[in-house]
$ cat work_8.txt   # compact mmCIF, C-alpha atoms
# COMPACT_ATOMS: atom_id res chain seq x y z
CA MET A 1 52.70 -35.33 20.54
CA ALA A 2 51.09 -31.92 19.95
CA LYS A 3 51.50 -29.36 22.67
CA ARG A 4 48.25 -28.54 24.44
CA GLY A 5 47.67 -24.77 24.62
CA VAL A 6 45.48 -22.68 26.87
CA VAL A 7 42.72 -22.69 24.27
CA ASP A 8 42.61 -26.47 24.25
CA TYR A 9 42.52 -26.48 28.04
CA ILE A 10 39.58 -24.06 28.13
CA ARG A 11 37.75 -26.08 25.49
CA GLU A 12 37.95 -29.15 27.66
CA THR A 13 36.53 -27.55 30.78
CA GLN A 14 33.01 -28.49 31.80
CA VAL A 15 31.91 -24.83 31.61
CA TRP A 16 32.91 -24.57 27.94
CA LYS A 17 31.40 -27.92 27.06
CA SER A 18 28.13 -27.08 28.76
CA ILE A 19 27.82 -23.94 26.60
CA PHE A 20 29.22 -25.24 23.31
CA ARG A 21 28.19 -28.84 22.76
CA HIS A 22 30.11 -29.29 19.55
CA GLY A 23 33.77 -29.36 18.68
CA PRO A 24 35.63 -26.64 16.81
CA PRO A 25 34.19 -25.98 13.32
CA THR A 26 36.86 -27.90 11.51
CA ASN A 27 34.65 -30.21 9.45
CA ALA A 28 31.32 -29.82 7.65
CA ARG A 29 29.33 -31.51 10.40
CA ASN A 30 30.69 -29.28 13.16
CA ARG A 31 30.36 -26.14 11.04
CA ALA A 32 26.66 -26.92 10.70
CA ALA A 33 26.45 -27.71 14.43
CA VAL A 34 28.06 -24.34 15.28
CA VAL A 35 25.24 -22.57 13.48
CA ALA A 36 22.40 -24.88 14.46
CA GLY A 37 23.44 -24.86 18.12
CA ASN A 38 23.53 -21.07 18.42
CA VAL A 39 20.23 -19.35 19.10
CA PHE A 40 21.49 -16.13 17.52
CA LEU A 41 22.69 -17.81 14.34
CA HIS A 42 20.10 -20.52 13.90
CA LEU A 43 17.42 -18.12 12.66
CA HIS A 44 19.65 -17.83 9.62
CA PRO A 45 19.62 -20.64 7.12
CA ILE A 46 22.53 -23.00 7.66
CA LYS A 47 23.51 -22.58 4.04
CA LEU A 48 23.19 -19.25 2.25
CA LYS A 49 23.38 -18.59 -1.45
CA LYS A 50 26.10 -16.09 -2.27
CA SER A 51 23.61 -13.90 -4.16
CA GLY A 52 21.39 -13.73 -1.09
CA VAL A 53 23.92 -11.88 1.06
CA GLN A 54 25.30 -9.56 -1.57
CA LEU A 55 24.52 -6.03 -0.48
CA GLY A 56 23.77 -4.86 -4.02
CA TYR A 57 21.03 -7.42 -4.35
CA THR A 58 19.18 -7.22 -1.02
CA TRP A 59 20.28 -3.79 0.32
CA CYS A 60 20.29 -5.50 3.76
CA MET A 61 17.36 -3.31 4.70
CA GLY A 62 15.57 -6.03 6.68
CA GLY A 63 18.77 -6.71 8.58
CA LEU A 64 19.30 -2.99 9.21
CA THR A 65 15.71 -2.72 10.42
CA PHE A 66 16.30 -5.53 12.89
CA PHE A 67 19.59 -3.95 14.01
CA ILE A 68 17.83 -0.62 14.61
CA PHE A 69 15.05 -2.42 16.49
CA LEU A 70 17.67 -3.93 18.80
CA ALA A 71 19.34 -0.51 19.24
CA LEU A 72 15.95 1.01 20.07
CA THR A 73 15.30 -1.73 22.61
CA VAL A 74 18.63 -1.07 24.35
CA THR A 75 18.36 2.74 24.35
CA GLY A 76 14.68 2.51 25.28
CA VAL A 77 15.46 0.45 28.37
CA LEU A 78 18.15 3.00 29.29
CA LEU A 79 15.64 5.84 28.93
CA MET A 80 13.31 4.01 31.32
CA PHE A 81 15.82 4.62 34.12
CA TYR A 82 15.01 8.34 34.02
CA TYR A 83 11.57 8.74 32.50
CA ARG A 84 8.39 8.72 34.61
CA PRO A 85 5.11 8.43 32.70
CA THR A 86 3.04 10.92 34.70
CA ALA A 87 1.70 14.29 33.65
CA GLU A 88 3.71 15.97 36.41
CA TYR A 89 7.13 14.51 35.52
CA ALA A 90 7.07 13.29 31.90
CA TYR A 91 8.05 16.51 30.16
CA ASN A 92 10.65 17.54 32.74
CA ASP A 93 12.20 14.08 32.64
CA ILE A 94 12.67 14.38 28.89
CA ILE A 95 14.36 17.78 29.43
CA ALA A 96 16.48 16.22 32.18
CA LEU A 97 17.55 13.46 29.80
CA LYS A 98 19.02 16.13 27.58
CA GLU A 99 20.54 18.39 30.21
CA HIS A 100 21.20 16.51 33.45
CA VAL A 101 22.17 13.06 32.27
CA PRO A 102 25.58 11.94 31.00
CA LEU A 103 25.21 10.68 27.44
CA GLY A 104 21.84 12.34 27.15
CA ILE A 105 22.30 11.62 23.48
CA MET A 106 20.65 8.28 24.33
CA ARG A 107 17.29 9.94 23.82
CA GLU A 108 18.39 11.37 20.47
CA ILE A 109 19.57 7.92 19.35
CA HIS A 110 16.20 6.51 20.38
CA ARG A 111 14.28 9.15 18.49
CA TRP A 112 16.43 9.21 15.34
CA GLY A 113 16.47 5.42 15.45
CA ALA A 114 12.68 5.43 15.36
CA HIS A 115 12.73 7.66 12.28
CA ALA A 116 15.42 5.49 10.67
CA MET A 117 13.48 2.30 11.38
CA VAL A 118 10.39 3.59 9.60
CA ILE A 119 12.57 4.51 6.60
CA THR A 120 14.40 1.16 6.51
CA VAL A 121 11.15 -0.79 6.87
CA TRP A 122 9.78 1.13 3.92
CA LEU A 123 12.91 0.56 1.82
CA HIS A 124 12.90 -3.11 2.84
CA MET A 125 9.34 -3.49 1.59
CA PHE A 126 10.20 -1.53 -1.55
CA ARG A 127 13.07 -3.91 -2.31
CA VAL A 128 10.92 -6.97 -1.57
CA PHE A 129 8.25 -5.65 -3.89
CA MET A 130 10.60 -4.70 -6.72
CA THR A 131 12.40 -8.06 -6.65
CA GLY A 132 9.07 -9.90 -6.56
CA SER A 133 10.04 -11.58 -3.31
CA TYR A 134 6.49 -11.33 -2.01
CA LYS A 135 5.29 -13.96 -4.50
CA PRO A 136 4.41 -17.53 -3.49
CA PRO A 137 5.65 -19.26 -1.45
CA ARG A 138 6.62 -16.06 0.37
CA GLU A 139 3.19 -14.38 0.38
CA PHE A 140 2.45 -15.29 4.01
CA ASN A 141 5.67 -13.60 5.09
CA TRP A 142 4.68 -10.48 3.17
CA GLY A 143 1.50 -10.46 5.25
CA VAL A 144 3.49 -10.80 8.47
CA GLY A 145 5.70 -7.97 7.21
CA VAL A 146 2.73 -5.70 6.61
CA ILE A 147 1.57 -6.27 10.21
CA LEU A 148 5.12 -5.47 11.35
CA LEU A 149 4.98 -2.24 9.33
CA VAL A 150 1.76 -1.24 11.08
CA LEU A 151 3.28 -2.12 14.47
CA THR A 152 6.40 -0.08 13.63
CA LEU A 153 4.20 2.94 12.92
CA LEU A 154 2.23 2.32 16.12
CA LEU A 155 5.50 2.14 18.08
CA SER A 156 6.50 5.48 16.59
CA PHE A 157 3.13 7.00 17.39
CA THR A 158 2.95 5.75 20.96
CA GLY A 159 6.52 6.97 21.55
CA TYR A 160 5.76 10.37 20.02
CA LEU A 161 3.37 11.29 22.80
CA LEU A 162 5.49 10.23 25.77
CA PRO A 163 7.23 13.67 26.13
CA TRP A 164 3.71 15.00 26.90
CA ASP A 165 4.34 18.33 25.19
CA GLN A 166 1.94 20.19 22.91
CA LEU A 167 2.82 18.00 19.92
CA ALA A 168 2.17 14.90 21.99
CA ILE A 169 -1.16 15.98 23.43
CA TRP A 170 -2.60 17.08 20.09
CA ALA A 171 -1.25 13.96 18.40
CA ILE A 172 -3.07 11.78 20.93
CA ALA A 173 -6.15 13.97 20.60
CA VAL A 174 -6.18 13.42 16.84
CA GLY A 175 -5.21 9.75 17.12
CA SER A 176 -7.89 8.94 19.64
CA ASN A 177 -10.44 10.73 17.47
CA MET A 178 -9.47 8.34 14.71
CA ALA A 179 -10.14 5.49 17.15
CA LYS A 180 -13.50 7.14 17.82
CA ALA A 181 -14.34 6.74 14.13
CA THR A 182 -13.57 3.00 14.02
CA PRO A 183 -16.50 1.15 12.43
CA PHE A 184 -18.72 -0.50 15.09
CA LEU A 185 -16.04 -0.10 17.79
CA GLY A 186 -15.94 3.70 18.09
CA HIS A 187 -18.93 5.78 19.13
CA GLY A 188 -18.44 8.21 16.24
CA GLY A 189 -17.86 5.57 13.58
CA PRO A 190 -20.16 3.98 11.02
CA GLY A 191 -22.26 1.24 12.55
CA ALA A 192 -22.28 2.75 16.03
CA ALA A 193 -25.65 4.37 15.38
CA LEU A 194 -27.09 0.99 14.38
CA ALA A 195 -26.05 -0.60 17.66
CA GLN A 196 -28.86 0.98 19.59
CA ILE A 197 -31.83 -0.79 21.18
CA GLY A 198 -34.50 1.74 22.02
CA ASP A 199 -32.84 4.29 24.28
CA PHE A 200 -30.01 1.93 25.15
CA VAL A 201 -26.85 2.93 23.26
CA MET A 202 -24.53 -0.04 22.96
CA VAL A 203 -21.49 1.85 21.63
CA SER A 204 -21.07 5.07 23.64
CA ASP A 205 -18.12 7.23 24.68
CA LYS A 206 -18.00 5.19 27.91
CA ASN A 207 -17.42 1.76 26.39
CA ASP A 208 -15.90 2.14 22.94
CA VAL A 209 -12.37 1.45 21.76
CA ARG A 210 -11.37 5.08 22.38
CA PHE A 211 -12.30 4.76 26.04
CA GLN A 212 -10.18 1.64 26.21
CA LEU A 213 -7.17 3.42 24.71
CA LEU A 214 -7.48 6.53 26.88
CA ALA A 215 -8.82 4.83 30.01
CA GLY A 216 -11.42 7.59 29.95
CA ARG A 217 -13.37 9.96 27.77
CA PHE A 218 -10.69 12.65 27.69
CA VAL A 219 -6.97 12.71 27.02
CA GLY A 220 -5.32 12.76 30.43
CA GLU A 221 -2.82 11.10 32.72
CA PRO A 222 -4.33 7.57 32.44
CA ALA A 223 -3.87 7.82 28.67
CA LEU A 224 -0.19 8.70 29.09
CA LEU A 225 0.39 5.67 31.31
CA ARG A 226 -1.54 3.40 28.98
CA PHE A 227 0.41 4.51 25.91
CA TYR A 228 3.66 4.14 27.86
CA ILE A 229 2.84 0.50 28.59
CA LEU A 230 1.83 -0.06 24.97
CA HIS A 231 5.07 1.54 23.78
CA CYS A 232 7.47 -0.19 26.17
CA VAL A 233 5.96 -3.61 26.72
CA PHE A 234 2.91 -4.63 24.77
CA ILE A 235 3.75 -3.70 21.17
CA PRO A 236 7.47 -4.66 21.44
CA LEU A 237 6.45 -8.11 22.70
CA VAL A 238 4.12 -8.63 19.75
CA VAL A 239 6.77 -7.29 17.38
CA GLY A 240 9.37 -9.64 18.89
CA VAL A 241 7.16 -12.68 18.32
CA LEU A 242 6.31 -11.62 14.76
CA ILE A 243 9.98 -10.92 13.97
CA ALA A 244 10.76 -14.49 15.03
CA VAL A 245 7.99 -15.77 12.74
CA HIS A 246 9.25 -13.48 9.96
CA PHE A 247 12.84 -14.75 10.17
CA TRP A 248 11.76 -18.36 10.55
CA ARG A 249 9.63 -18.02 7.41
CA VAL A 250 12.53 -16.41 5.53
CA ARG A 251 14.64 -19.42 6.39
CA LYS A 252 11.94 -21.93 5.44
CA ASP A 253 11.22 -20.18 2.14
CA GLY A 254 14.64 -20.52 0.59
CA GLY A 255 16.77 -17.99 2.43
CA ILE A 256 17.10 -14.30 1.81
CA SER A 257 15.25 -13.46 -1.34
CA ALA A 258 17.25 -15.58 -3.76
CA PRO A 259 15.37 -16.94 -6.77
CA LEU A 260 13.90 -20.29 -5.85
CA MET B 261 -0.29 -58.09 40.84
CA SER B 262 -2.71 -55.25 40.45
CA GLU B 263 -4.40 -54.90 37.11
CA LYS B 264 -3.18 -51.82 35.27
CA LYS B 265 -5.99 -49.72 33.79
CA GLN B 266 -5.48 -49.16 30.10
CA LEU B 267 -7.05 -46.38 28.10
CA ASN B 268 -8.59 -47.50 24.87
CA ARG B 269 -8.55 -45.26 21.82
CA ARG B 270 -12.10 -43.93 22.40
CA GLU B 271 -11.44 -43.01 26.02
CA PHE B 272 -8.14 -41.39 25.10
CA PHE B 273 -9.80 -39.03 22.63
CA SER B 274 -12.55 -38.15 25.08
CA PHE B 275 -9.86 -37.17 27.58
CA VAL B 276 -8.12 -35.09 24.92
CA THR B 277 -11.42 -33.39 24.06
CA VAL B 278 -12.15 -32.56 27.69
CA GLY B 279 -8.63 -31.25 28.05
CA TRP B 280 -8.87 -29.00 25.01
CA VAL B 281 -12.30 -27.68 25.95
CA ALA B 282 -11.01 -26.85 29.43
CA PHE B 283 -7.86 -25.25 28.03
CA THR B 284 -9.58 -23.10 25.40
CA SER B 285 -12.33 -22.00 27.78
CA ALA B 286 -9.69 -21.04 30.35
CA ILE B 287 -7.86 -18.95 27.73
CA ALA B 288 -11.12 -17.42 26.49
CA GLY B 289 -12.15 -16.66 30.05
CA PHE B 290 -8.83 -15.00 30.80
CA LEU B 291 -9.01 -12.91 27.62
CA THR B 292 -12.54 -11.81 28.52
CA LEU B 293 -11.41 -10.80 31.99
CA ALA B 294 -8.36 -9.02 30.57
CA PHE B 295 -10.61 -7.10 28.19
CA ARG B 296 -12.96 -6.07 30.99
CA TYR B 297 -9.94 -5.18 33.12
CA THR B 298 -9.00 -2.41 30.67
CA TYR B 299 -12.27 -0.58 31.43
CA PRO B 300 -12.00 1.09 34.85
CA ASN B 301 -15.17 1.36 36.95
CA VAL B 302 -14.38 4.85 38.19
CA ASN B 303 -12.97 7.81 36.29
CA PHE B 304 -11.87 11.05 37.85
CA GLU B 305 -13.05 13.16 34.96
CA PRO B 306 -15.09 16.34 34.99
CA GLU B 307 -18.89 15.91 35.07
CA MET B 308 -20.81 16.22 31.84
CA ASP B 309 -23.13 18.82 33.40
CA PHE B 310 -22.31 21.74 35.65
CA VAL B 311 -23.78 24.88 37.20
CA ALA B 312 -22.38 28.00 35.55
CA GLY B 313 -23.62 30.88 37.70
CA ARG B 314 -26.36 33.30 36.70
CA PRO B 315 -26.97 34.90 33.30
CA ASN B 316 -26.10 38.38 34.71
CA ASP B 317 -22.61 37.09 35.61
CA TYR B 318 -21.68 37.25 31.94
CA GLU B 319 -20.81 40.27 29.86
CA GLU B 320 -21.37 40.60 26.15
CA GLY B 321 -18.85 38.42 24.29
CA VAL B 322 -16.89 35.26 25.06
CA ASP B 323 -16.36 34.08 28.62
CA GLU B 324 -13.47 31.64 29.20
CA ARG B 325 -13.97 30.76 32.87
CA TRP B 326 -15.27 27.21 32.16
CA LYS B 327 -12.86 26.40 29.35
CA ASN B 328 -10.15 24.63 31.34
CA GLY B 329 -12.45 22.79 33.72
CA TYR B 330 -15.26 21.74 31.42
CA GLY B 331 -14.23 22.65 27.86
CA VAL B 332 -17.02 25.16 27.35
CA TRP B 333 -17.15 28.82 26.33
CA ILE B 334 -20.20 30.77 27.47
CA VAL B 335 -20.95 33.30 24.76
CA LYS B 336 -23.39 36.19 25.07
CA MET B 337 -24.32 37.88 21.80
CA GLU B 338 -27.36 39.14 19.93
CA GLY B 339 -29.63 38.65 22.95
CA ARG B 340 -28.68 35.01 23.35
CA LEU B 341 -26.51 33.15 25.84
CA PHE B 342 -25.15 29.83 24.65
CA ALA B 343 -22.56 27.21 25.63
CA LEU B 344 -19.99 26.63 22.87
CA SER B 345 -17.90 23.45 22.71
CA ASN B 346 -14.13 24.01 22.64
CA ILE B 347 -13.44 21.00 20.43
CA CYS B 348 -12.31 21.84 16.91
CA THR B 349 -14.50 20.07 14.35
CA HIS B 350 -11.47 19.28 12.21
CA LEU B 351 -9.49 16.81 14.33
CA GLY B 352 -10.53 17.51 17.90
CA CYS B 353 -7.88 19.95 19.14
CA VAL B 354 -8.77 22.90 21.38
CA PRO B 355 -8.87 26.32 19.64
CA ASN B 356 -7.92 29.55 21.45
CA TRP B 357 -10.09 32.63 21.78
CA LEU B 358 -8.29 35.64 20.28
CA PRO B 359 -10.09 38.72 21.72
CA ALA B 360 -8.17 41.17 19.51
CA GLU B 361 -9.27 39.43 16.33
CA LEU B 362 -12.68 38.35 17.63
CA LYS B 363 -12.20 34.78 16.51
CA PHE B 364 -11.44 31.27 17.75
CA LYS B 365 -8.23 29.94 16.24
CA CYS B 366 -7.08 26.33 16.39
CA PRO B 367 -3.28 25.99 16.89
CA CYS B 368 -3.02 22.66 15.08
CA HIS B 369 -4.08 23.35 11.51
CA GLY B 370 -5.35 26.92 11.63
CA SER B 371 -9.11 26.46 11.64
CA GLY B 372 -10.85 29.74 12.47
CA TYR B 373 -14.32 30.32 13.87
CA TYR B 374 -16.33 33.50 14.41
CA GLN B 375 -17.53 34.40 17.90
CA ASN B 376 -20.81 32.56 17.23
CA GLY B 377 -18.92 29.35 16.37
CA ILE B 378 -19.28 29.42 12.58
CA ASN B 379 -16.13 28.25 10.78
CA PHE B 380 -14.69 30.62 8.18
CA GLU B 381 -11.06 29.57 7.58
CA GLY B 382 -8.83 26.53 7.73
CA PRO B 383 -9.78 22.89 7.32
CA ALA B 384 -12.67 22.77 9.83
CA PRO B 385 -15.59 21.17 7.99
CA ARG B 386 -18.42 22.54 10.18
CA PRO B 387 -19.11 25.02 12.97
CA LEU B 388 -18.34 24.37 16.64
CA GLU B 389 -21.05 22.48 18.50
CA ARG B 390 -23.24 24.04 21.18
CA TYR B 391 -24.38 22.29 24.36
CA LYS B 392 -27.76 22.18 26.01
CA ILE B 393 -28.19 25.18 28.33
CA SER B 394 -31.05 25.82 30.78
CA LEU B 395 -31.97 27.54 34.04
CA ASN B 396 -32.63 25.62 37.26
CA ALA B 397 -35.18 26.54 39.96
CA GLU B 398 -32.75 29.01 41.55
CA GLY B 399 -32.23 30.82 38.26
CA LYS B 400 -28.75 29.41 37.76
CA ILE B 401 -27.40 28.21 34.44
CA ILE B 402 -27.10 24.45 33.86
CA VAL B 403 -24.89 23.33 30.99
CA ASP B 404 -25.46 19.74 29.88
CA LYS B 405 -22.73 18.43 27.57
CA THR B 406 -24.50 15.14 26.82
CA LYS B 407 -26.88 16.97 24.50
CA ILE B 408 -25.29 18.75 21.51
CA PHE B 409 -26.75 21.10 18.93
CA ARG B 410 -25.25 21.40 15.44
CA TYR B 411 -25.61 24.40 13.18
CA GLU B 412 -25.48 22.36 9.98
CA LYS B 413 -28.52 20.40 11.15
CA GLY B 414 -30.43 23.59 11.90
CA GLN B 415 -30.42 22.87 15.63
CA TRP B 416 -29.18 26.25 16.87
CA ASP B 417 -32.71 27.61 16.88
CA ASN B 418 -33.79 24.84 19.24
CA PRO B 419 -34.96 26.57 22.44
CA GLN B 420 -32.78 24.23 24.54
CA SER B 421 -29.61 25.46 22.83
CA PHE B 422 -29.68 29.06 24.12
CA LEU B 423 -31.04 31.37 26.83
CA LYS B 424 -32.71 34.66 26.03
CA VAL B 425 -30.99 37.53 27.84
$ encode --input "work_8.txt" --output "structure tokens"
Amino acid sequence: MAKRGVVDYIRETQVWKSIFRHGPPTNARNRAAVVAGNVFLHLHPIKLKKSGVQLGYTWCMGGLTFFIFLALTVTGVLLMFYYRPTAEYAYNDIIALKEHVPLGIMREIHRWGAHAMVITVWLHMFRVFMTGSYKPPREFNWGVGVILLVLTLLLSFTGYLLPWDQLAIWAIAVGSNMAKATPFLGHGGPGAALAQIGDFVMVSDKNDVRFQLLAGRFVGEPALLRFYILHCVFIPLVVGVLIAVHFWRVRKDGGISAPL
Amino acid sequence: MSEKKQLNRREFFSFVTVGWVAFTSAIAGFLTLAFRYTYPNVNFEPEMDFVAGRPNDYEEGVDERWKNGYGVWIVKMEGRLFALSNICTHLGCVPNWLPAELKFKCPCHGSGYYQNGINFEGPAPRPLERYKISLNAEGKIIVDKTKIFRYEKGQWDNPQSFLKV
């Protein structure tokens, strides 16, 4: 009769069994159940081709991008403990993060991480393009990836103006002027002049997409708050959903980039 | 025993249709409200028109007293008083007035403008805009930023764009 160890005892407790509903991964069925029953592992295909996970082949740039996204989420939440998105406090809070806070390097990690994520996204797309992994049946996922690229850049841009320094204010000035030039939606864009009935201007500086972004006609405190919400909540939520779709599609389309 | 009411296929689909119509219209209604919600009814922004004292309050040259509040330079030169916009025509930054060099200089990409607003260096594609300027019954200056005058359209000779002094 085999001696029952502590591990066996823990594995038989109700707590353990309520978390892990399968036995130890000692046979093929349980090995599959270990993966399929784990929310963090199940986005991966249950079976991977060896070529798909070789670093030389895929560069792991998508995985690195996701890792950096998680790191940015963690450091970003930590930054939220000190940062206040108002014109009076924003800049001083960023200075305080550097000088008055233990591990003020958190802000540097967040910022360098943002740069790194843009680079890894680009390299990821470069690899996908060069290996032809965008071709059918993976073309839908390429489209999702392009939207994720745009959202990555928007995350960088909305984060760039949160310190509310000179760089930030002129960046938002320029960015919101680009919104002003949106066709039909911005009052300075093509099509806005057509949307006029007599003296009634349908697209004006009081109801166009720029007003919506800035919560006003000028760059000011409401714009800072609005971009803070976009940066911390709105865009990350959309990115999170699209990342799930992206990974799910990867899994459905034959794993990581291996020839079909 | 009470008779149990059974849905037939036709009735079932009509229920599904009603359900979907209600669901989608609820979502559409919420999205409409959410969209409207992002447009505040009141903004605490400076007015688009303001009273800027009397013409004799200004000396020859560029006056910066309304720049921070309203984004306007009052310039007096060559017998004319006009209200110059402080928005760079390149990307919308705010240039600085450099009295020593007699020019407006944008800090972002180096666009330069003469005292009259004409661009002469940097990426700015056209001169600064001027705003409508007039005198009220008391002889005070009214600047109206809703009406702009552009040099490249030949509008700076419009009598509403300057005051004779």
$ interface_residues --input "work_8.txt" --of "chain B" --to "chain A" --cutoff "12 Å" --atoms "all atoms listed in the file" --output "JSON list (two decimals) with C-alpha atoms, in the coordinates of the input"
[["chain", "number", "residue", "atom", "x", "y", "z"],
["B", 294, "ALA", "CA", -8.36, -9.02, 30.57],
["B", 295, "PHE", "CA", -10.61, -7.10, 28.19],
["B", 296, "ARG", "CA", -12.96, -6.07, 30.99],
["B", 297, "TYR", "CA", -9.94, -5.18, 33.12],
["B", 298, "THR", "CA", -9.00, -2.41, 30.67],
["B", 299, "TYR", "CA", -12.27, -0.58, 31.43],
["B", 300, "PRO", "CA", -12.00, 1.09, 34.85],
["B", 301, "ASN", "CA", -15.17, 1.36, 36.95],
["B", 302, "VAL", "CA", -14.38, 4.85, 38.19],
["B", 303, "ASN", "CA", -12.97, 7.81, 36.29],
["B", 304, "PHE", "CA", -11.87, 11.05, 37.85],
["B", 305, "GLU", "CA", -13.05, 13.16, 34.96],
["B", 306, "PRO", "CA", -15.09, 16.34, 34.99],
["B", 307, "GLU", "CA", -18.89, 15.91, 35.07],
["B", 308, "MET", "CA", -20.81, 16.22, 31.84],
["B", 329, "GLY", "CA", -12.45, 22.79, 33.72],
["B", 330, "TYR", "CA", -15.26, 21.74, 31.42],
["B", 331, "GLY", "CA", -14.23, 22.65, 27.86],
["B", 347, "ILE", "CA", -13.44, 21.00, 20.43],
["B", 348, "CYS", "CA", -12.31, 21.84, 16.91],
["B", 349, "THR", "CA", -14.50, 20.07, 14.35],
["B", 350, "HIS", "CA", -11.47, 19.28, 12.21],
["B", 351, "LEU", "CA", -9.49, 16.81, 14.33],
["B", 352, "GLY", "CA", -10.53, 17.51, 17.90],
["B", 353, "CYS", "CA", -7.88, 19.95, 19.14],
["B", 354, "VAL", "CA", -8.77, 22.90, 21.38],
["B", 355, "PRO", "CA", -8.87, 26.32, 19.64],
["B", 366, "CYS", "CA", -7.08, 26.33, 16.39],
["B", 367, "PRO", "CA", -3.28, 25.99, 16.89],
["B", 368, "CYS", "CA", -3.02, 22.66, 15.08],
["B", 369, "HIS", "CA", -4.08, 23.35, 11.51],
["B", 406, "THR", "CA", -24.50, 15.14, 26.82]]
$ closest_residue --input "work_8.txt" --among "A:Ile95, A:Ala32, A:Met202, A:Leu224" --to "Tyr160 (chain A)" --atoms "all atoms listed in the file"
A:Leu224
$ atom_distance --input "work_8.txt" --atom1 "CA of Lys363 (chain B)" --atom2 "CA of Trp164 (chain A)"
27.4 Å
$ atom_distance --input "work_8.txt" --atom1 "CA of Leu242 (chain A)" --atom2 "CA of Leu148 (chain A)"
7.1 Å
$ atom_distance --input "work_8.txt" --atom1 "CA of Val118 (chain A)" --atom2 "CA of Gly189 (chain A)"
28.6 Å
$ residues_around --input "work_8.txt" --residues "Leu341 (chain B)" --least-positions-apart "5" --cutoff "9 Å" --atoms "only C-alpha atoms" --output "list in words"
Pro315, Tyr318, Ile334, Val335, Lys336, Ile393, Ser421, Phe422, Leu423, Lys424 and Val425 of chain B
$ residues_around --input "work_8.txt" --residues "region 17-30 of chain A" --least-positions-apart "6" --cutoff "12 Å" --atoms "only C-alpha atoms" --output "list of chain:residue names"
A:Val7, A:Asp8, A:Tyr9, A:Ile10, A:Arg11, A:Ala36, A:Gly37, A:Asn38, A:Val39, A:Ile46, A:Lys47
$ closest_residue --input "work_8.txt" --among "B:Trp280, B:Ile401, B:Phe409, B:Ala288" --to "Asp317 (chain B)" --atoms "only C-alpha atoms"
B:Ile401
$ residues_around --input "work_8.txt" --residues "Leu79 (chain A)" --least-positions-apart "5" --cutoff "9 Å" --atoms "only C-alpha atoms" --output "VMD selection string"
chain A and resid 74 97 106 to 107 110
$ write_last_selection --input "work_8.txt" --atoms "C-alpha atoms" --output "PDB file, in the frame of the given file"
ATOM      1  CA  VAL A  74      18.630  -1.070  24.350  1.00  0.00           C
ATOM      2  CA  LEU A  97      17.550  13.460  29.800  1.00  0.00           C
ATOM      3  CA  MET A 106      20.650   8.280  24.330  1.00  0.00           C
ATOM      4  CA  ARG A 107      17.290   9.940  23.820  1.00  0.00           C
ATOM      5  CA  HIS A 110      16.200   6.510  20.380  1.00  0.00           C
TER       6      HIS A 110
END
$ closest_residue --input "work_8.txt" --among "A:Arg127, A:Arg84, A:Lys180, A:His44" --to "Ala96 (chain A)" --atoms "only C-alpha atoms"
A:Arg84
$ closest_residue --input "work_8.txt" --among "A:Ala258, A:Leu78, A:Ile229, A:Leu161" --to "Ile105 (chain A)" --atoms "all atoms listed in the file"
A:Leu78
$ residues_around --input "work_8.txt" --residues "Trp112 (chain A)" --least-positions-apart "3" --cutoff "12 Å" --atoms "only C-alpha atoms" --output "PDB file with C-alpha atoms, in the coordinates of the input"
ATOM      1  CA  ILE A  68      17.830  -0.620  14.610  1.00  0.00           C
ATOM      2  CA  PHE A  69      15.050  -2.420  16.490  1.00  0.00           C
ATOM      3  CA  ALA A  71      19.340  -0.510  19.240  1.00  0.00           C
ATOM      4  CA  LEU A  72      15.950   1.010  20.070  1.00  0.00           C
ATOM      5  CA  THR A  75      18.360   2.740  24.350  1.00  0.00           C
ATOM      6  CA  ILE A 105      22.300  11.620  23.480  1.00  0.00           C
ATOM      7  CA  MET A 106      20.650   8.280  24.330  1.00  0.00           C
ATOM      8  CA  ARG A 107      17.290   9.940  23.820  1.00  0.00           C
ATOM      9  CA  GLU A 108      18.390  11.370  20.470  1.00  0.00           C
ATOM     10  CA  ILE A 109      19.570   7.920  19.350  1.00  0.00           C
ATOM     11  CA  HIS A 115      12.730   7.660  12.280  1.00  0.00           C
ATOM     12  CA  ALA A 116      15.420   5.490  10.670  1.00  0.00           C
ATOM     13  CA  MET A 117      13.480   2.300  11.380  1.00  0.00           C
ATOM     14  CA  VAL A 118      10.390   3.590   9.600  1.00  0.00           C
ATOM     15  CA  ILE A 119      12.570   4.510   6.600  1.00  0.00           C
ATOM     16  CA  SER A 156       6.500   5.480  16.590  1.00  0.00           C
ATOM     17  CA  GLY A 159       6.520   6.970  21.550  1.00  0.00           C
ATOM     18  CA  TYR A 160       5.760  10.370  20.020  1.00  0.00           C
TER      19      TYR A 160
END
$ closest_residue --input "work_8.txt" --among "B:Gly382, B:Gly313, B:Gly279, B:Pro387" --to "Leu344 (chain B)" --atoms "only C-alpha atoms"
B:Pro387
$ axis_aligned_box --input "work_8.txt" --around "region 415-421 of chain B" --padding-each-side "8 Å" --output "JSON"
{"center_x": -32.1, "center_y": 25.2, "center_z": 20.1, "size_x": 21.8, "size_y": 20.7, "size_z": 24.9}
